[in-house]
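The structure under discussion appears below in the form of structure tokens.
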Amino acid sequence: MVLKPEPTTPQQPQQSVRYALRVLESVSRHADGVTDVTLARETGLPAHELGPLLLMLRREGYVAQVSDGAYVAGEALDLVGAPGSTRRELVELRLQRTLDQLRDSVGAAIYLSRYVDGEIKVTQVAEGPLTPKVNEWVDFRSSAHASAIGKCLLTQLDRDGRRDHLSRHRTARLTSRTITNERVLFTKLDSQPPTVPVLDLQEYALGTVCAAVPLTAGAAVGCLALSLPVEQAHRLRRAADALNRRATPMALSLSL
């Protein structure tokens, strides 16, 4: 079985996040609203890049468009001004709602993961009776070489970071498809295009296929992932494309 999802966007998510932050900074400076012409001048973004960003920011509630067509700060942007603990709680609630919506629209269990202090942490999960999460029969912290989540996070580390992780978590063979050779694994990670989802085709667990896309926000390393039973592997490409489309707004939420 070979599944190779096509790239869904020419931009890396982290680049789109940087551009979105430029737009939000400009909108925040204009309490009475700002036109797209002014936004283009202040951000330096051409119309073909600014237009889709504004559509995404409106959809996510970061900006709103008033009657004269100008853009103002939206409700979601107000989270930035909330006290630290309150902001974290509100952001987590917002992320969970987004994960739940993605679970329902894609029809798969959805995972939000971060690489924190040298370890993999699944911070939030959206599952349901029809979309159960994968059975974590081996701790995700010890299976980075085999899982879509782990491989996606490792692709965002440099070689020293990868070697440090694997020195603490050896590449054990979990299924007949698991890559255990460090050189082969690093070659595969190095050849992974940033706009193409990382796949796990029964490398972590027999009967399960997974996909993950990076969520790089500043120095933070994270990923958005999904899992499906192998009987639904024919849906993996389309589901992975849906993850890619959500990567920028999710990374933006993590960066604010």
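If you're wondering about the labels, chains in the structure tokens are A, B, ... by order shown, residues count from 1 in each chain, ligands from 1 in order shown.
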
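Counting only C-alpha atoms, A:Arg58 has the following residues at most 10 Å away, ignoring those fewer than 3 positions along the same chain: Pro52, Leu53, Leu54, Leu55, Gly61, Tyr62, Val63, Ala64, Gln65, Tyr71, Val72, Ala73, Gly74 and Ala76 of chain A.
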
Create the file for the chosen residues now, containing N, CA, C and O atoms and written as a PDB file, in the first residue's frame.
ATOM      1  N   PRO A  52      -6.535  35.542   0.505  1.00  0.00           N
ATOM      2  CA  PRO A  52      -6.825  34.276   1.198  1.00  0.00           C
ATOM      3  C   PRO A  52      -6.581  34.351   2.697  1.00  0.00           C
ATOM      4  O   PRO A  52      -7.318  33.744   3.485  1.00  0.00           O
ATOM      5  N   LEU A  53      -5.553  35.109   3.123  1.00  0.00           N
ATOM      6  CA  LEU A  53      -5.289  35.249   4.558  1.00  0.00           C
ATOM      7  C   LEU A  53      -6.449  35.952   5.255  1.00  0.00           C
ATOM      8  O   LEU A  53      -6.874  35.539   6.337  1.00  0.00           O
ATOM      9  N   LEU A  54      -6.962  37.011   4.649  1.00  0.00           N
ATOM     10  CA  LEU A  54      -8.086  37.733   5.243  1.00  0.00           C
ATOM     11  C   LEU A  54      -9.325  36.853   5.325  1.00  0.00           C
ATOM     12  O   LEU A  54     -10.068  36.898   6.311  1.00  0.00           O
ATOM     13  N   LEU A  55      -9.549  36.025   4.312  1.00  0.00           N
ATOM     14  CA  LEU A  55     -10.683  35.102   4.353  1.00  0.00           C
ATOM     15  C   LEU A  55     -10.539  34.119   5.515  1.00  0.00           C
ATOM     16  O   LEU A  55     -11.499  33.843   6.239  1.00  0.00           O
ATOM     17  N   GLY A  61     -12.455  34.132  13.071  1.00  0.00           N
ATOM     18  CA  GLY A  61     -12.890  35.132  14.039  1.00  0.00           C
ATOM     19  C   GLY A  61     -11.820  36.082  14.511  1.00  0.00           C
ATOM     20  O   GLY A  61     -12.035  36.840  15.466  1.00  0.00           O
ATOM     21  N   TYR A  62     -10.655  36.096  13.854  1.00  0.00           N
ATOM     22  CA  TYR A  62      -9.584  36.999  14.261  1.00  0.00           C
ATOM     23  C   TYR A  62      -9.821  38.420  13.765  1.00  0.00           C
ATOM     24  O   TYR A  62      -9.378  39.388  14.389  1.00  0.00           O
ATOM     25  N   VAL A  63     -10.471  38.564  12.633  1.00  0.00           N
ATOM     26  CA  VAL A  63     -10.844  39.884  12.128  1.00  0.00           C
ATOM     27  C   VAL A  63     -12.306  39.840  11.713  1.00  0.00           C
ATOM     28  O   VAL A  63     -12.882  38.766  11.476  1.00  0.00           O
ATOM     29  N   ALA A  64     -12.907  41.011  11.637  1.00  0.00           N
ATOM     30  CA  ALA A  64     -14.288  41.145  11.149  1.00  0.00           C
ATOM     31  C   ALA A  64     -14.306  42.272  10.136  1.00  0.00           C
ATOM     32  O   ALA A  64     -13.469  43.187  10.181  1.00  0.00           O
ATOM     33  N   GLN A  65     -15.239  42.191   9.203  1.00  0.00           N
ATOM     34  CA  GLN A  65     -15.358  43.234   8.187  1.00  0.00           C
ATOM     35  C   GLN A  65     -16.613  44.046   8.462  1.00  0.00           C
ATOM     36  O   GLN A  65     -17.713  43.485   8.589  1.00  0.00           O
ATOM     37  N   TYR A  71     -11.505  46.367   7.840  1.00  0.00           N
ATOM     38  CA  TYR A  71     -11.301  45.244   8.743  1.00  0.00           C
ATOM     39  C   TYR A  71     -10.986  45.744  10.148  1.00  0.00           C
ATOM     40  O   TYR A  71     -10.203  46.693  10.321  1.00  0.00           O
ATOM     41  N   VAL A  72     -11.608  45.098  11.129  1.00  0.00           N
ATOM     42  CA  VAL A  72     -11.379  45.424  12.541  1.00  0.00           C
ATOM     43  C   VAL A  72     -11.043  44.133  13.282  1.00  0.00           C
ATOM     44  O   VAL A  72     -11.242  43.027  12.764  1.00  0.00           O
ATOM     45  N   ALA A  73     -10.535  44.256  14.505  1.00  0.00           N
ATOM     46  CA  ALA A  73     -10.203  43.089  15.313  1.00  0.00           C
ATOM     47  C   ALA A  73     -11.455  42.286  15.628  1.00  0.00           C
ATOM     48  O   ALA A  73     -12.501  42.850  15.965  1.00  0.00           O
ATOM     49  N   GLY A  74     -11.369  40.968  15.534  1.00  0.00           N
ATOM     50  CA  GLY A  74     -12.488  40.092  15.840  1.00  0.00           C
ATOM     51  C   GLY A  74     -12.434  39.581  17.265  1.00  0.00           C
ATOM     52  O   GLY A  74     -11.485  39.859  18.007  1.00  0.00           O
ATOM     53  N   ALA A  76     -11.916  36.619  18.450  1.00  0.00           N
ATOM     54  CA  ALA A  76     -10.814  35.703  18.760  1.00  0.00           C
ATOM     55  C   ALA A  76      -9.528  36.461  19.076  1.00  0.00           C
ATOM     56  O   ALA A  76      -8.716  36.005  19.885  1.00  0.00           O
TER      57      ALA A  76
END

**Request:** For A:Leu224, work out the shell of residues within 7 Å, counting only C-alpha atoms and skipping chain neighbours fewer than 5 positions away, then give it as a PyMOL selection string.
**Result:** chain A and resi 111-113+212-215+243

**Prompt:** Out of stretch 19-238 of chain A, which residues get helix (DSSP H, G or I) from DSSP, as JSON, numbers by chain?
**Reply:** {"A": [19, 20, 21, 22, 23, 24, 25, 26, 27, 28, 36, 37, 38, 39, 40, 41, 42, 43, 47, 48, 49, 50, 51, 52, 53, 54, 55, 56, 57, 58, 59, 75, 76, 77, 78, 79, 80, 81, 84, 85, 86, 87, 88, 89, 90, 91, 92, 93, 94, 95, 96, 97, 98, 99, 100, 101, 102, 103, 104, 105, 106, 140, 141, 142, 148, 149, 150, 151, 152, 153, 154, 155, 159, 160, 161, 162, 163, 164, 165, 166, 167, 168, 182, 183, 184, 185, 186, 187, 188, 189, 190, 230, 231, 232, 233, 234, 235, 236, 237, 238]}

Skip stretch 143-157 of chain A itself and residues of its chain fewer than 2 positions away, then list as a PDB file with C-alpha atoms, in the first residue's frame all residues within 6 Å of it, counting only C-alpha atoms.
ATOM      1  CA  PHE A 140       3.912   7.709  22.118  1.00  0.00           C
ATOM      2  CA  ARG A 141       7.027   9.093  23.814  1.00  0.00           C
ATOM      3  CA  GLY A 161      17.707  16.960  18.424  1.00  0.00           C
ATOM      4  CA  THR A 178       8.472  -0.209  11.457  1.00  0.00           C
ATOM      5  CA  LEU A 189      12.614  12.442   7.511  1.00  0.00           C
ATOM      6  CA  VAL A 198       3.607  12.464   7.288  1.00  0.00           C
ATOM      7  CA  LEU A 199       2.065   9.000   7.118  1.00  0.00           C
ATOM      8  CA  ASP A 200       2.057   5.946   9.362  1.00  0.00           C
ATOM      9  CA  GLU A 203       4.098   1.162  11.397  1.00  0.00           C
ATOM     10  CA  TYR A 204       2.918   1.854  14.945  1.00  0.00           C
ATOM     11  CA  CYS A 210      -2.381   7.789  10.523  1.00  0.00           C
ATOM     12  CA  ALA A 211      -1.378  11.141   9.078  1.00  0.00           C
ATOM     13  CA  ALA A 212       0.143  14.254  10.663  1.00  0.00           C
TER      14      ALA A 212
END

**Prompt:** Could you state the separation of atom CA of A:Leu174 and atom CA of A:Val196 in Å, given to one decimal place?
**Reply:** 24.3 Å

Using only C-alpha atoms, what table do you get, as a tab-separated table, when you list each residue of stretch 25-75 of chain A with an atom no more than 12 Å from stretch 85-102 of chain A, its nearest pair of atoms, and their distance in Å rounded to one decimal, rows by chain then rising number?
residue	atom	partner	partner_atom	distance
A:Arg59	CA	A:Thr98	CA	11.9
A:Glu60	CA	A:Thr98	CA	9.7
A:Gly61	CA	A:Arg94	CA	10.9
A:Glu75	CA	A:Leu90	CA	11.6

Selected residues written out, N, CA, C and O atoms, as a compact mmCIF listing (two decimals), in the first residue's frame:
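Now in out.txt:
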# COMPACT_ATOMS: atom_id res chain seq x y z
N ARG A 59 -12.87 33.83 8.86
CA ARG A 59 -13.52 32.55 9.19
C ARG A 59 -13.20 32.12 10.61
O ARG A 59 -14.06 31.57 11.32
N GLU A 60 -11.97 32.38 11.05
CA GLU A 60 -11.54 31.98 12.39
C GLU A 60 -11.90 32.99 13.46
O GLU A 60 -11.66 32.75 14.65
N GLY A 61 -12.45 34.13 13.07
CA GLY A 61 -12.89 35.13 14.04
C GLY A 61 -11.82 36.08 14.51
O GLY A 61 -12.03 36.84 15.47
N GLU A 75 -13.46 38.82 17.64
CA GLU A 75 -13.55 38.32 19.02
C GLU A 75 -12.37 37.44 19.39
O GLU A 75 -11.88 37.49 20.51

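The smallest atom-to-atom distance between A:Arg168 and any of A:Thr187, A:Gln192, A:Ser142, A:Ser255, using only C-alpha atoms, is found for A:Ser142.
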